>>> print(open('start_24.tsv').read())   # TSV, C-alpha atoms
chain	number	residue	atom	x	y	z
A	16	MET	CA	-14.02	21.52	-3.82
A	17	LEU	CA	-10.99	22.29	-1.75
A	18	TRP	CA	-10.74	26.01	-2.03
A	19	GLY	CA	-12.68	27.92	0.57
A	20	ALA	CA	-14.60	24.85	1.55
A	21	VAL	CA	-15.72	24.54	5.12
A	22	ILE	CA	-14.54	21.16	6.18
A	23	THR	CA	-16.35	19.66	9.08
A	24	LEU	CA	-13.96	17.25	10.67
A	25	CYS	CA	-16.50	16.38	13.30
A	26	ASP	CA	-19.75	17.66	14.68
A	27	ALA	CA	-19.40	21.14	16.04
A	28	ALA	CA	-17.83	21.02	19.45
A	29	PRO	CA	-16.58	23.51	21.96
A	30	PRO	CA	-12.89	24.31	21.64
A	31	ASP	CA	-10.68	22.19	23.84
A	32	ASN	CA	-9.81	23.99	26.98
A	33	HIS	CA	-6.79	23.30	29.05
A	34	SER	CA	-8.15	21.88	32.25
A	35	ALA	CA	-7.32	18.25	32.82
A	36	THR	CA	-10.92	17.13	33.16
A	37	ALA	CA	-11.89	18.78	29.92
A	38	ALA	CA	-8.93	17.13	28.21
A	39	LEU	CA	-10.21	13.75	29.31
A	40	THR	CA	-13.73	14.22	28.11
A	41	ALA	CA	-13.14	16.50	25.14
A	42	ALA	CA	-10.15	14.64	23.78
A	43	HIS	CA	-12.32	12.73	21.35
A	44	VAL	CA	-14.42	15.64	20.18
A	45	LEU	CA	-12.74	17.50	17.38
A	46	GLN	CA	-13.29	21.12	16.63
A	47	THR	CA	-14.67	22.18	13.32
A	48	VAL	CA	-11.95	23.71	11.22
A	49	GLN	CA	-12.42	26.05	8.32
A	50	VAL	CA	-10.12	25.56	5.37
A	51	THR	CA	-9.49	28.63	3.27
A	52	GLY	CA	-7.24	28.17	0.28
A	53	ASP	CA	-4.39	25.95	1.44
A	54	ALA	CA	-4.62	27.01	5.06
A	55	ILE	CA	-6.58	26.95	8.28
A	56	ALA	CA	-6.39	30.49	9.59
A	57	MET	CA	-8.04	29.97	12.97
A	58	PRO	CA	-5.79	28.54	15.71
A	59	LEU	CA	-7.21	25.49	17.46
A	60	ALA	CA	-6.16	26.76	20.90
A	61	THR	CA	-5.75	30.16	22.48
A	62	SER	CA	-2.13	29.72	23.48
A	63	SER	CA	0.85	27.75	22.27
A	64	ASP	CA	4.26	26.78	23.56
A	65	PRO	CA	7.17	26.16	21.18
A	66	ALA	CA	9.15	24.26	23.82
A	67	ARG	CA	6.33	21.77	24.31
A	68	GLY	CA	5.99	21.67	20.54
A	69	ARG	CA	9.64	20.73	20.14
A	70	GLU	CA	9.22	17.86	22.56
A	71	LEU	CA	6.15	16.68	20.72
A	72	VAL	CA	7.84	16.83	17.34
A	73	MET	CA	10.77	14.80	18.64
A	74	GLY	CA	8.66	12.39	20.66
A	75	ARG	CA	6.97	9.08	20.07
A	76	GLU	CA	3.44	10.44	20.28
A	77	SER	CA	3.69	12.40	17.05
A	78	ASN	CA	6.45	10.48	15.29
A	79	CYS	CA	7.28	13.42	13.01
A	80	MET	CA	10.94	12.42	12.95
A	81	LEU	CA	10.01	9.04	11.54
A	82	CYS	CA	9.61	10.84	8.25
A	83	HIS	CA	11.12	14.32	8.56
A	84	ALA	CA	14.63	15.54	9.23
A	85	ILE	CA	15.13	18.60	11.41
A	86	PRO	CA	18.92	18.92	11.72
A	87	GLU	CA	18.47	21.79	14.23
A	88	THR	CA	17.21	19.30	16.81
A	89	GLY	CA	20.53	17.49	16.82
A	90	ALA	CA	18.59	14.23	16.81
A	91	GLN	CA	20.67	11.21	15.94
A	92	PHE	CA	18.10	9.56	13.69
A	93	MET	CA	15.76	11.25	11.28
A	94	GLY	CA	13.64	9.97	8.44
A	95	ASN	CA	13.72	11.21	4.85
A	96	ILE	CA	10.22	10.36	3.69
A	97	GLY	CA	8.89	13.91	3.85
A	98	PRO	CA	10.78	17.11	3.12
A	99	THR	CA	13.21	18.39	5.75
A	100	LEU	CA	11.50	20.81	8.10
A	101	SER	CA	14.55	23.07	8.31
A	102	GLY	CA	13.49	26.52	7.23
A	103	VAL	CA	9.87	25.44	7.05
A	104	ALA	CA	8.78	28.75	8.62
A	105	GLN	CA	10.19	30.55	5.62
A	106	ARG	CA	8.10	28.45	3.30
A	107	LEU	CA	4.85	28.19	5.21
A	108	SER	CA	2.76	30.44	7.42
A	109	ALA	CA	1.31	29.09	10.65
A	110	ALA	CA	-2.05	28.81	8.92
A	111	GLN	CA	-0.57	26.79	6.08
A	112	MET	CA	1.23	24.51	8.53
A	113	ARG	CA	-2.04	24.01	10.38
A	114	LEU	CA	-3.79	22.49	7.38
A	115	ARG	CA	-0.80	20.33	6.53
A	116	ILE	CA	-0.65	18.90	10.03
A	117	VAL	CA	-4.40	18.69	10.58
A	118	ASP	CA	-4.95	16.82	7.33
A	119	GLN	CA	-2.36	16.79	4.58
A	120	SER	CA	-4.67	14.65	2.44
A	121	ARG	CA	-6.79	17.73	1.79
A	122	LEU	CA	-3.90	18.94	-0.35
A	123	ASN	CA	-2.62	15.63	-1.61
A	124	PRO	CA	-5.06	12.72	-1.43
A	125	ALA	CA	-2.21	10.26	-2.09
A	126	THR	CA	-0.06	11.56	0.75
A	127	VAL	CA	1.62	9.23	3.20
A	128	MET	CA	1.66	11.86	5.94
A	129	PRO	CA	-0.96	10.94	8.54
A	130	ALA	CA	-3.72	13.40	9.33
A	131	TYR	CA	-2.98	14.51	12.89
A	132	TYR	CA	-6.35	16.00	13.67
A	133	ARG	CA	-8.91	13.82	12.03
A	134	THR	CA	-10.73	10.75	13.23
A	135	GLU	CA	-13.04	9.81	10.44
A	136	GLY	CA	-12.26	8.06	7.18
A	137	LEU	CA	-9.81	5.76	8.97
A	138	SER	CA	-10.22	2.01	9.12
A	139	LEU	CA	-9.09	-0.76	11.43
A	140	VAL	CA	-7.69	1.63	14.00
A	141	ALA	CA	-6.27	-0.11	17.09
A	142	PRO	CA	-8.82	0.00	19.92
A	143	SER	CA	-6.63	2.23	22.10
A	144	PHE	CA	-6.49	4.92	19.40
A	145	GLN	CA	-10.05	4.68	18.13
A	146	GLY	CA	-11.90	7.97	17.83
A	147	LYS	CA	-8.84	9.93	18.89
A	148	PRO	CA	-6.80	12.28	16.75
A	149	VAL	CA	-3.03	11.67	16.81
A	150	LEU	CA	-2.56	15.04	18.49
A	151	ASN	CA	-5.10	17.16	20.30
A	152	ALA	CA	-5.88	20.79	19.48
A	153	GLN	CA	-3.41	22.18	22.01
A	154	GLN	CA	-0.64	19.88	20.81
A	155	ILE	CA	-1.23	20.91	17.19
A	156	GLU	CA	-0.75	24.56	18.16
A	157	ASP	CA	2.37	23.78	20.19
A	158	VAL	CA	3.86	21.93	17.22
A	159	ILE	CA	3.09	24.84	14.91
A	160	ALA	CA	4.66	27.29	17.40
A	161	TYR	CA	7.85	25.21	17.32
A	162	LEU	CA	7.87	24.86	13.52
A	163	GLN	CA	7.49	28.64	13.27
A	164	THR	CA	10.91	28.94	14.95
A	165	LEU	CA	12.55	26.99	12.11
A	166	LYS	CA	13.46	29.95	9.98
B	18	MET	CA	3.26	29.07	-1.15
B	19	SER	CA	4.72	25.71	-1.77
B	20	ILE	CA	3.86	24.05	-5.04
B	21	GLY	CA	5.54	20.75	-4.30
B	22	ILE	CA	2.70	19.48	-2.19
B	23	TRP	CA	0.47	19.23	-5.22
B	24	CYS	CA	2.47	16.48	-6.76
B	25	ALA	CA	1.90	12.99	-5.49
B	26	VAL	CA	5.54	12.14	-5.99
B	27	THR	CA	7.70	15.13	-5.27
B	28	PRO	CA	11.41	14.87	-5.96
B	29	TRP	CA	12.38	17.19	-3.11
B	30	SER	CA	15.57	18.95	-3.84
B	31	SER	CA	17.15	17.59	-0.67
B	32	HIS	CA	16.57	14.05	-1.86
B	33	SER	CA	17.10	14.19	-5.56
B	34	ALA	CA	20.82	13.60	-5.25
B	35	GLU	CA	20.32	10.38	-3.36
B	36	SER	CA	20.09	7.17	-5.24
B	37	ILE	CA	16.80	5.62	-4.29
B	38	PRO	CA	16.55	2.04	-5.50
B	39	PRO	CA	14.00	1.42	-8.20
B	40	ILE	CA	10.47	1.22	-6.94
B	41	PHE	CA	9.18	-2.30	-6.89
B	42	SER	CA	5.94	-2.41	-8.76
B	43	ILE	CA	3.27	-5.02	-8.88
B	44	SER	CA	1.89	-5.96	-12.24
B	45	PRO	CA	-1.90	-6.08	-12.42
B	46	PRO	CA	-3.23	-9.59	-11.93
B	47	ALA	CA	-3.23	-11.51	-15.18
B	48	SER	CA	-6.29	-13.42	-16.19
B	49	SER	CA	-5.03	-16.80	-15.00
B	50	THR	CA	-1.72	-17.19	-13.19
B	51	PRO	CA	-0.27	-13.91	-12.01
B	52	LEU	CA	3.48	-13.75	-12.33
B	53	ALA	CA	5.40	-12.18	-9.49
B	54	PRO	CA	7.97	-9.57	-10.39
B	55	LEU	CA	11.47	-10.13	-9.09
B	56	GLY	CA	12.46	-8.02	-6.14
B	57	ARG	CA	15.30	-7.26	-3.80
B	58	SER	CA	15.74	-9.23	-0.63
B	59	GLY	CA	15.53	-7.35	2.66
B	60	ILE	CA	19.11	-8.26	3.54
B	61	THR	CA	20.39	-6.05	0.71
B	62	PHE	CA	19.08	-3.06	2.64
B	63	ALA	CA	20.82	-4.07	5.86
B	64	SER	CA	24.11	-2.71	7.13
B	65	PRO	CA	27.34	-4.62	6.37
B	66	ASP	CA	27.60	-6.00	9.92
B	67	ILE	CA	24.09	-7.45	9.76
B	68	ARG	CA	24.75	-8.91	6.31
B	69	GLN	CA	27.91	-10.48	7.68
B	70	LEU	CA	26.05	-11.97	10.65
B	71	GLN	CA	23.42	-13.53	8.43
B	72	ALA	CA	25.93	-14.94	5.98
B	73	ASP	CA	28.19	-16.59	8.55
B	74	ASN	CA	26.63	-19.76	9.93
B	75	PHE	CA	28.94	-19.71	12.94
B	76	ALA	CA	28.00	-16.16	13.87
B	77	ASN	CA	24.33	-16.21	12.85
B	78	PRO	CA	22.41	-16.53	16.14
B	79	GLY	CA	19.44	-18.02	14.25
B	80	MET	CA	21.51	-21.16	13.72
B	81	LEU	CA	20.95	-22.03	17.39
B	82	TRP	CA	17.27	-22.45	16.57
B	83	VAL	CA	18.11	-24.54	13.52
B	84	THR	CA	20.21	-26.83	15.70
B	85	ARG	CA	17.46	-27.09	18.26
B	86	GLY	CA	15.00	-27.89	15.46
B	87	GLU	CA	17.22	-30.71	14.30
B	88	THR	CA	17.10	-32.25	17.77
B	89	ILE	CA	13.32	-31.98	17.94
B	90	TRP	CA	13.07	-33.51	14.48
B	91	ARG	CA	14.54	-36.72	15.85
B	92	THR	CA	12.79	-36.67	19.24
B	93	PRO	CA	9.69	-38.86	19.62
B	94	SER	CA	6.62	-37.05	20.81
B	95	GLY	CA	2.97	-37.82	21.51
B	96	VAL	CA	1.33	-41.07	22.62
B	97	LYS	CA	2.53	-42.96	19.56
B	98	GLY	CA	6.09	-41.96	20.31
B	99	GLN	CA	6.70	-40.77	16.80
B	100	ALA	CA	9.30	-38.23	15.78
B	101	CYS	CA	9.13	-36.13	12.62
B	102	ALA	CA	11.95	-38.34	11.39
B	103	SER	CA	9.79	-41.44	11.83
B	104	CYS	CA	7.76	-40.38	8.81
B	105	HIS	CA	10.08	-38.05	6.93
B	106	GLN	CA	13.50	-39.60	7.66
B	107	ASP	CA	16.34	-37.27	6.74
B	108	ALA	CA	15.10	-33.68	6.57
B	109	GLN	CA	18.08	-32.64	4.47
B	110	GLN	CA	16.56	-34.70	1.72
B	111	SER	CA	12.86	-34.92	2.41
B	112	MET	CA	12.40	-31.27	3.36
B	113	GLN	CA	14.59	-29.70	0.74
B	114	GLY	CA	12.57	-27.11	-1.18
B	115	VAL	CA	9.40	-27.67	0.83
B	116	SER	CA	9.33	-24.27	2.56
B	117	ALA	CA	9.96	-22.55	-0.76
B	118	ARG	CA	6.46	-23.63	-1.82
B	119	TYR	CA	4.74	-22.36	1.34
B	120	PRO	CA	2.28	-21.02	2.23
B	121	ARG	CA	-0.03	-23.23	0.22
B	122	LEU	CA	-3.72	-23.89	0.09
B	123	ASP	CA	-5.07	-26.80	2.06
B	124	THR	CA	-7.49	-27.78	-0.68
B	125	GLY	CA	-9.51	-30.03	1.61
B	126	ARG	CA	-10.32	-27.26	4.03
B	127	GLY	CA	-9.98	-24.25	1.79
B	128	THR	CA	-7.61	-22.59	4.22
B	129	ILE	CA	-4.07	-21.37	3.85
B	130	LEU	CA	-1.34	-23.38	5.51
B	131	ASN	CA	1.92	-21.67	6.26
B	132	ILE	CA	4.88	-23.74	7.38
B	133	GLU	CA	3.92	-23.27	11.03
B	134	GLY	CA	0.42	-24.50	10.21
B	135	GLN	CA	1.80	-27.56	8.45
B	136	ILE	CA	4.07	-28.37	11.39
B	137	ASN	CA	1.11	-28.21	13.74
B	138	ARG	CA	-1.01	-30.24	11.35
B	139	CYS	CA	1.56	-33.04	11.60
B	140	ARG	CA	1.77	-32.70	15.36
B	141	GLN	CA	-1.97	-33.03	15.75
B	142	GLU	CA	-2.81	-35.54	13.05
B	143	GLN	CA	0.32	-37.69	12.85
B	144	GLN	CA	1.88	-37.41	16.26
B	145	ALA	CA	-1.44	-37.02	18.09
B	146	THR	CA	-0.05	-34.32	20.31
B	147	THR	CA	-0.71	-30.66	21.05
B	148	PRO	CA	0.05	-27.91	18.53
B	149	TRP	CA	2.81	-25.47	19.39
B	150	VAL	CA	1.84	-21.86	19.86
B	151	TYR	CA	3.38	-19.12	17.75
B	152	GLU	CA	6.65	-17.76	19.09
B	153	SER	CA	7.18	-20.78	21.32
B	154	ALA	CA	10.80	-21.89	21.27
B	155	ASP	CA	9.83	-25.21	19.71
B	156	LEU	CA	7.76	-23.84	16.86
B	157	LEU	CA	10.41	-21.24	16.04
B	158	ALA	CA	13.11	-23.92	16.12
B	159	MET	CA	11.19	-26.28	13.86
B	160	THR	CA	10.29	-23.48	11.44
B	161	ALA	CA	13.91	-22.35	11.32
B	162	TYR	CA	15.08	-25.92	10.77
B	163	LEU	CA	12.61	-26.61	7.95
B	164	ASN	CA	13.12	-23.29	6.20
B	165	TYR	CA	16.86	-23.78	6.46
B	166	GLN	CA	16.49	-26.94	4.36
B	167	SER	CA	15.41	-24.68	1.49
B	168	ARG	CA	18.09	-22.09	1.97
B	169	GLY	CA	19.32	-20.82	-1.38
B	170	MET	CA	16.37	-22.23	-3.26
B	171	PRO	CA	14.02	-19.93	-5.17
B	172	ILE	CA	10.64	-19.25	-3.64
B	173	ALA	CA	7.96	-20.69	-5.87
B	174	VAL	CA	4.50	-19.78	-4.63
B	175	THR	CA	2.13	-19.95	-7.57
B	176	ILE	CA	-1.41	-18.71	-7.81
B	177	ASP	CA	-4.06	-20.81	-9.46
B	178	THR	CA	-7.82	-21.04	-9.51
B	179	ASP	CA	-7.85	-22.75	-6.11
B	180	ASN	CA	-5.86	-20.23	-4.10
B	181	ARG	CA	-6.67	-17.16	-6.11
B	182	THR	CA	-9.39	-15.91	-3.79
B	183	GLN	CA	-6.99	-15.97	-0.86
B	184	TRP	CA	-4.33	-14.27	-2.96
B	185	GLU	CA	-6.83	-11.52	-3.87
B	186	ARG	CA	-7.59	-11.11	-0.21
B	187	GLY	CA	-3.93	-10.80	0.69
B	188	LYS	CA	-3.42	-8.35	-2.10
B	189	ALA	CA	-6.32	-6.21	-0.92
B	190	ILE	CA	-4.90	-6.16	2.61
B	191	PHE	CA	-1.49	-5.20	1.24
B	192	HIS	CA	-3.02	-2.23	-0.53
B	193	ARG	CA	-5.51	-0.97	2.02
B	194	ARG	CA	-4.80	2.00	4.24
B	195	GLN	CA	-5.24	1.12	7.87
B	196	GLY	CA	-4.72	2.31	11.41
B	197	GLN	CA	-4.53	5.77	12.91
B	198	MET	CA	-1.50	6.45	10.68
B	199	ASN	CA	-3.64	5.56	7.68
B	200	LEU	CA	-0.89	3.77	5.76
B	201	ALA	CA	-0.87	0.62	3.66
B	202	CYS	CA	1.88	-1.97	3.29
B	203	VAL	CA	2.29	-0.78	-0.29
B	204	HIS	CA	3.21	2.72	0.85
B	205	CYS	CA	6.21	1.68	2.89
B	206	HIS	CA	7.24	-1.42	0.97
B	207	GLU	CA	6.76	-0.29	-2.62
B	208	GLN	CA	6.47	3.48	-2.82
B	209	LEU	CA	9.02	4.37	-0.17
B	210	VAL	CA	11.55	1.58	-0.63
B	211	GLY	CA	15.05	2.78	0.17
B	212	ARG	CA	13.88	5.73	2.26
B	213	LYS	CA	14.63	6.09	5.93
B	214	LEU	CA	11.82	5.72	8.43
B	215	LEU	CA	13.70	7.11	11.41
B	216	THR	CA	16.36	4.40	11.84
B	217	ASP	CA	15.07	1.83	9.39
B	218	THR	CA	15.74	1.69	5.69
B	219	LEU	CA	12.48	0.56	4.14
B	220	SER	CA	12.83	-2.69	2.22
B	221	GLU	CA	10.42	-4.31	-0.18
B	222	GLY	CA	8.88	-6.25	2.70
B	223	HIS	CA	9.74	-9.82	1.76
B	224	GLY	CA	9.43	-12.75	4.13
B	225	ASN	CA	12.12	-14.88	2.51
B	226	ALA	CA	14.51	-14.80	5.48
B	227	TYR	CA	12.03	-15.72	8.21
B	228	PRO	CA	12.18	-16.72	10.96
B	229	ILE	CA	14.78	-14.06	11.71
B	230	TYR	CA	16.97	-13.28	14.66
B	231	ARG	CA	16.25	-9.64	15.36
B	232	LEU	CA	18.69	-7.74	17.53
B	233	GLU	CA	15.85	-5.55	18.77
B	234	TRP	CA	13.91	-8.66	19.89
B	235	GLN	CA	17.00	-10.39	21.25
B	236	THR	CA	15.52	-13.57	19.87
B	237	VAL	CA	14.17	-15.27	16.78
B	238	GLY	CA	10.71	-14.28	15.59
B	239	SER	CA	8.27	-15.51	12.99
B	240	LEU	CA	7.08	-13.68	9.88
B	241	GLN	CA	3.75	-13.15	11.60
B	242	ARG	CA	5.49	-11.42	14.49
B	243	ARG	CA	7.06	-9.03	11.99
B	244	LEU	CA	3.73	-8.46	10.24
B	245	ARG	CA	2.06	-7.77	13.55
B	246	SER	CA	4.67	-5.17	14.34
B	247	CYS	CA	3.96	-3.46	11.03
B	248	PHE	CA	0.25	-3.38	11.96
B	249	ASN	CA	1.25	-2.00	15.33
B	250	GLY	CA	3.46	0.62	13.72
B	251	VAL	CA	0.54	2.17	11.88
B	252	ARG	CA	-1.60	1.85	15.02
B	253	ALA	CA	-3.96	-0.64	13.40
B	254	ALA	CA	-5.87	-3.39	15.18
B	255	ILE	CA	-3.44	-6.33	15.25
B	256	PRO	CA	-4.79	-9.66	13.97
B	257	ASP	CA	-4.21	-12.66	16.22
B	258	TYR	CA	-1.40	-15.04	15.41
B	259	GLY	CA	-2.62	-17.50	12.81
B	260	ALA	CA	-5.53	-15.26	11.78
B	261	GLU	CA	-6.84	-15.85	8.27
B	262	GLU	CA	-5.95	-12.28	7.45
B	263	LEU	CA	-2.27	-12.84	8.20
B	264	LEU	CA	-2.31	-16.13	6.32
B	265	ALA	CA	-3.77	-14.50	3.22
B	266	LEU	CA	-1.14	-11.78	3.54
B	267	GLU	CA	1.57	-14.43	3.83
B	268	LEU	CA	0.32	-16.07	0.64
B	269	TYR	CA	0.40	-12.75	-1.16
B	270	LEU	CA	3.90	-12.04	0.16
B	271	GLY	CA	5.07	-15.52	-0.85
B	272	TRP	CA	3.85	-14.97	-4.39
B	273	ARG	CA	5.34	-11.51	-4.40
B	274	SER	CA	8.72	-12.90	-3.27
B	275	SER	CA	8.75	-15.68	-5.82
B	276	GLY	CA	12.14	-15.86	-7.47
B	277	LEU	CA	13.97	-14.57	-4.41
B	278	THR	CA	15.83	-17.28	-2.57
B	279	VAL	CA	15.04	-18.59	0.90
B	280	GLU	CA	17.51	-17.08	3.37
B	281	ALA	CA	16.32	-18.51	6.68
B	282	PRO	CA	17.41	-18.01	9.35
B	283	GLY	CA	17.78	-14.29	8.64
B	284	VAL	CA	19.27	-11.59	10.84
B	285	ARG	CA	17.88	-8.08	11.21
B	286	ARG	CA	18.63	-5.16	13.46
>>> encode(input="start_24.tsv", output="structure tokens")
Amino acid sequence: MLWGAVITLCDAAPPDNHSATAALTAAHVLQTVQVTGDAIAMPLATSSDPARGRELVMGRESNCMLCHAIPETGAQFMGNIGPTLSGVAQRLSAAQMRLRIVDQSRLNPATVMPAYYRTEGLSLVAPSFQGKPVLNAQQIEDVIAYLQTLK
Amino acid sequence: MSIGIWCAVTPWSSHSAESIPPIFSISPPASSTPLAPLGRSGITFASPDIRQLQADNFANPGMLWVTRGETIWRTPSGVKGQACASCHQDAQQSMQGVSARYPRLDTGRGTILNIEGQINRCRQEQQATTPWVYESADLLAMTAYLNYQSRGMPIAVTIDTDNRTQWERGKAIFHRRQGQMNLACVHCHEQLVGRKLLTDTLSEGHGNAYPIYRLEWQTVGSLQRRLRSCFNGVRAAIPDYGAEELLALELYLGWRSSGLTVEAPGVRR
């Protein structure tokens, strides 16, 4: 079942690298992630940038603030569908955050939080988003780096 | 590690103090005629200034469309030079309560007719002229005018053996996860009612006030426009205006809103 299972989110693929051309071609090919317990220990990218992560979390691409409040951001509008992400770094390790962002439904099949790094098991996806994860591997790591600052 | 994530419904400590309105739940379909549970109109989730705008006919911008609809009602159109009024006379009498029973099944063709579809049916078959396209000023005006004739009347969309298949279809659409965000109507409009989705307070998703003047649109829009924006919001493929899928959904919503009163023209932010 869940624990220790190796979850293949897509056929094995080389890790995303950061060059623009690779981003264009590799954007649709997801890395295989290994779920151990309630976490994904292995980062999806070799580097991460909390400042970019903050922008992503607050931006339209990820829509985190639709559902989560992060009072630290000073944002005017925040949702209250998910738990507040204030202090989330005290509750969750980076590895635990990774699984929750990659695919929360692995922990709670009834969840309303979208899987940010999964392309299969979805239906009727708009053509412009088909076969693409909400965030790419680098963006996932940037988001985690930012969330890790919320102590 | 966090335990909360294991529960499907987690009363997070930060929320438990809030009063979340009761979750609107759908009873399982009965063997014959399913009965719709009573719900809360979308306007009750709106801010006081929006509620005020909707309630005051002189301030409600949607009334401009109603007025325009009244003019069109009396204006001859098509080769036969017939107006709506030529057949139906005074709309205040002949059209009272009509919208409250829509959408309905066109038994002859086995398709669902919403009020827009009925208007266009009359244009084509009675007036022998061209149908209006969705979101055209004329179709919005006529829809607003007709729905306004039922204002304050309870919605009464019933399900019987004839329209049940379409109702089932609408129900299935309402409950299916879709789009890159992988969410169903039921998530936002039943499970999360009263919660904030960024700036919006999630309502039960009733169509009883449509067409609405939406401040964000700066104009009046149809129920299908609203539904299409919900599809868009979850990054799902958006059905075309008038698609069978949207009509089945409208039938399901109409049944689901039965008992609420017609509030057209509504106002939303």
>>> residues_around(input="start_24.tsv", residues="Gln91 in chain A", least_positions_apart="6", cutoff="12 Å", atoms="all atoms listed in the file", output="VMD selection string")
(chain A and resid 73 80 to 81 84 to 85) or (chain B and resid 215 to 216)
>>> residues_around(input="start_24.tsv", residues="Tyr131 in chain A", least_positions_apart="5", cutoff="12 Å", atoms="only C-alpha atoms", output="JSON, numbers by chain")
{"A": [24, 45, 72, 76, 77, 78, 79, 112, 113, 114, 115, 116, 117, 118, 119, 120, 137, 147, 148, 149, 150, 151, 152, 153, 154, 155, 156, 158], "B": [197, 198, 199]}
>>> residues_around(input="start_24.tsv", residues="range 102-113 of chain B", least_positions_apart="6", cutoff="6 Å", atoms="only C-alpha atoms", output="NGL selection string")
:B and (90-91 or 166-167)
>>> residues_around(input="start_24.tsv", residues="Cys82 in chain A", least_positions_apart="2", cutoff="6 Å", atoms="only C-alpha atoms", output="ChimeraX atom specification")
/A:79-80,94-97 /B:214
>>> closest_residue(input="start_24.tsv", among="B:Thr92, B:Asn249, B:Asn180, B:Thr146", to="Leu122 in chain B", atoms="all atoms listed in the file")
B:Asn180
>>> atom_distance(input="start_24.tsv", atom1="CA of Val44 in chain A", atom2="CA of Gly250 in chain B")
24.2 Å
>>> interface_residues(input="start_24.tsv", of="chain A", to="chain B", cutoff="8 Å", atoms="all atoms listed in the file", output="PyMOL selection string")
chain A and resi 80-82+92-96+98-99+106-107+122-123+125-130+134+137-142+144-145+148-149
>>> write_last_selection(input="start_24.tsv", atoms="C-alpha atoms", output="PDB file, in the coordinates of the input")
ATOM      1  CA  MET A  80      10.940  12.420  12.950  1.00  0.00           C
ATOM      2  CA  LEU A  81      10.010   9.040  11.540  1.00  0.00           C
ATOM      3  CA  CYS A  82       9.610  10.840   8.250  1.00  0.00           C
ATOM      4  CA  PHE A  92      18.100   9.560  13.690  1.00  0.00           C
ATOM      5  CA  MET A  93      15.760  11.250  11.280  1.00  0.00           C
ATOM      6  CA  GLY A  94      13.640   9.970   8.440  1.00  0.00           C
ATOM      7  CA  ASN A  95      13.720  11.210   4.850  1.00  0.00           C
ATOM      8  CA  ILE A  96      10.220  10.360   3.690  1.00  0.00           C
ATOM      9  CA  PRO A  98      10.780  17.110   3.120  1.00  0.00           C
ATOM     10  CA  THR A  99      13.210  18.390   5.750  1.00  0.00           C
ATOM     11  CA  ARG A 106       8.100  28.450   3.300  1.00  0.00           C
ATOM     12  CA  LEU A 107       4.850  28.190   5.210  1.00  0.00           C
ATOM     13  CA  LEU A 122      -3.900  18.940  -0.350  1.00  0.00           C
ATOM     14  CA  ASN A 123      -2.620  15.630  -1.610  1.00  0.00           C
ATOM     15  CA  ALA A 125      -2.210  10.260  -2.090  1.00  0.00           C
ATOM     16  CA  THR A 126      -0.060  11.560   0.750  1.00  0.00           C
ATOM     17  CA  VAL A 127       1.620   9.230   3.200  1.00  0.00           C
ATOM     18  CA  MET A 128       1.660  11.860   5.940  1.00  0.00           C
ATOM     19  CA  PRO A 129      -0.960  10.940   8.540  1.00  0.00           C
ATOM     20  CA  ALA A 130      -3.720  13.400   9.330  1.00  0.00           C
ATOM     21  CA  THR A 134     -10.730  10.750  13.230  1.00  0.00           C
ATOM     22  CA  LEU A 137      -9.810   5.760   8.970  1.00  0.00           C
ATOM     23  CA  SER A 138     -10.220   2.010   9.120  1.00  0.00           C
ATOM     24  CA  LEU A 139      -9.090  -0.760  11.430  1.00  0.00           C
ATOM     25  CA  VAL A 140      -7.690   1.630  14.000  1.00  0.00           C
ATOM     26  CA  ALA A 141      -6.270  -0.110  17.090  1.00  0.00           C
ATOM     27  CA  PRO A 142      -8.820   0.000  19.920  1.00  0.00           C
ATOM     28  CA  PHE A 144      -6.490   4.920  19.400  1.00  0.00           C
ATOM     29  CA  GLN A 145     -10.050   4.680  18.130  1.00  0.00           C
ATOM     30  CA  PRO A 148      -6.800  12.280  16.750  1.00  0.00           C
ATOM     31  CA  VAL A 149      -3.030  11.670  16.810  1.00  0.00           C
TER      32      VAL A 149
END
>>> build_atoms(input="start_24.tsv", residues="range 206-212 of chain B", atoms="N, CA and C atoms", output="PDB file, in the coordinates of the input")
ATOM      1  N   HIS B 206       6.430  -0.376   1.584  1.00  0.00           N
ATOM      2  CA  HIS B 206       7.240  -1.420   0.970  1.00  0.00           C
ATOM      3  C   HIS B 206       7.254  -1.426  -0.556  1.00  0.00           C
ATOM      4  N   GLU B 207       6.583  -0.449  -1.180  1.00  0.00           N
ATOM      5  CA  GLU B 207       6.760  -0.290  -2.620  1.00  0.00           C
ATOM      6  C   GLU B 207       7.069   1.170  -2.960  1.00  0.00           C
ATOM      7  N   GLN B 208       6.260   2.072  -2.445  1.00  0.00           N
ATOM      8  CA  GLN B 208       6.470   3.480  -2.820  1.00  0.00           C
ATOM      9  C   GLN B 208       7.676   4.106  -2.146  1.00  0.00           C
ATOM     10  N   LEU B 209       7.977   3.680  -0.938  1.00  0.00           N
ATOM     11  CA  LEU B 209       9.020   4.370  -0.170  1.00  0.00           C
ATOM     12  C   LEU B 209      10.274   3.522   0.027  1.00  0.00           C
ATOM     13  N   VAL B 210      10.401   2.471  -0.771  1.00  0.00           N
ATOM     14  CA  VAL B 210      11.550   1.580  -0.630  1.00  0.00           C
ATOM     15  C   VAL B 210      12.855   2.371  -0.744  1.00  0.00           C
ATOM     16  N   GLY B 211      13.750   2.106   0.182  1.00  0.00           N
ATOM     17  CA  GLY B 211      15.050   2.780   0.170  1.00  0.00           C
ATOM     18  C   GLY B 211      15.081   4.032   1.037  1.00  0.00           C
ATOM     19  N   ARG B 212      13.910   4.537   1.398  1.00  0.00           N
ATOM     20  CA  ARG B 212      13.880   5.730   2.260  1.00  0.00           C
ATOM     21  C   ARG B 212      14.075   5.336   3.716  1.00  0.00           C
TER      22      ARG B 212
END
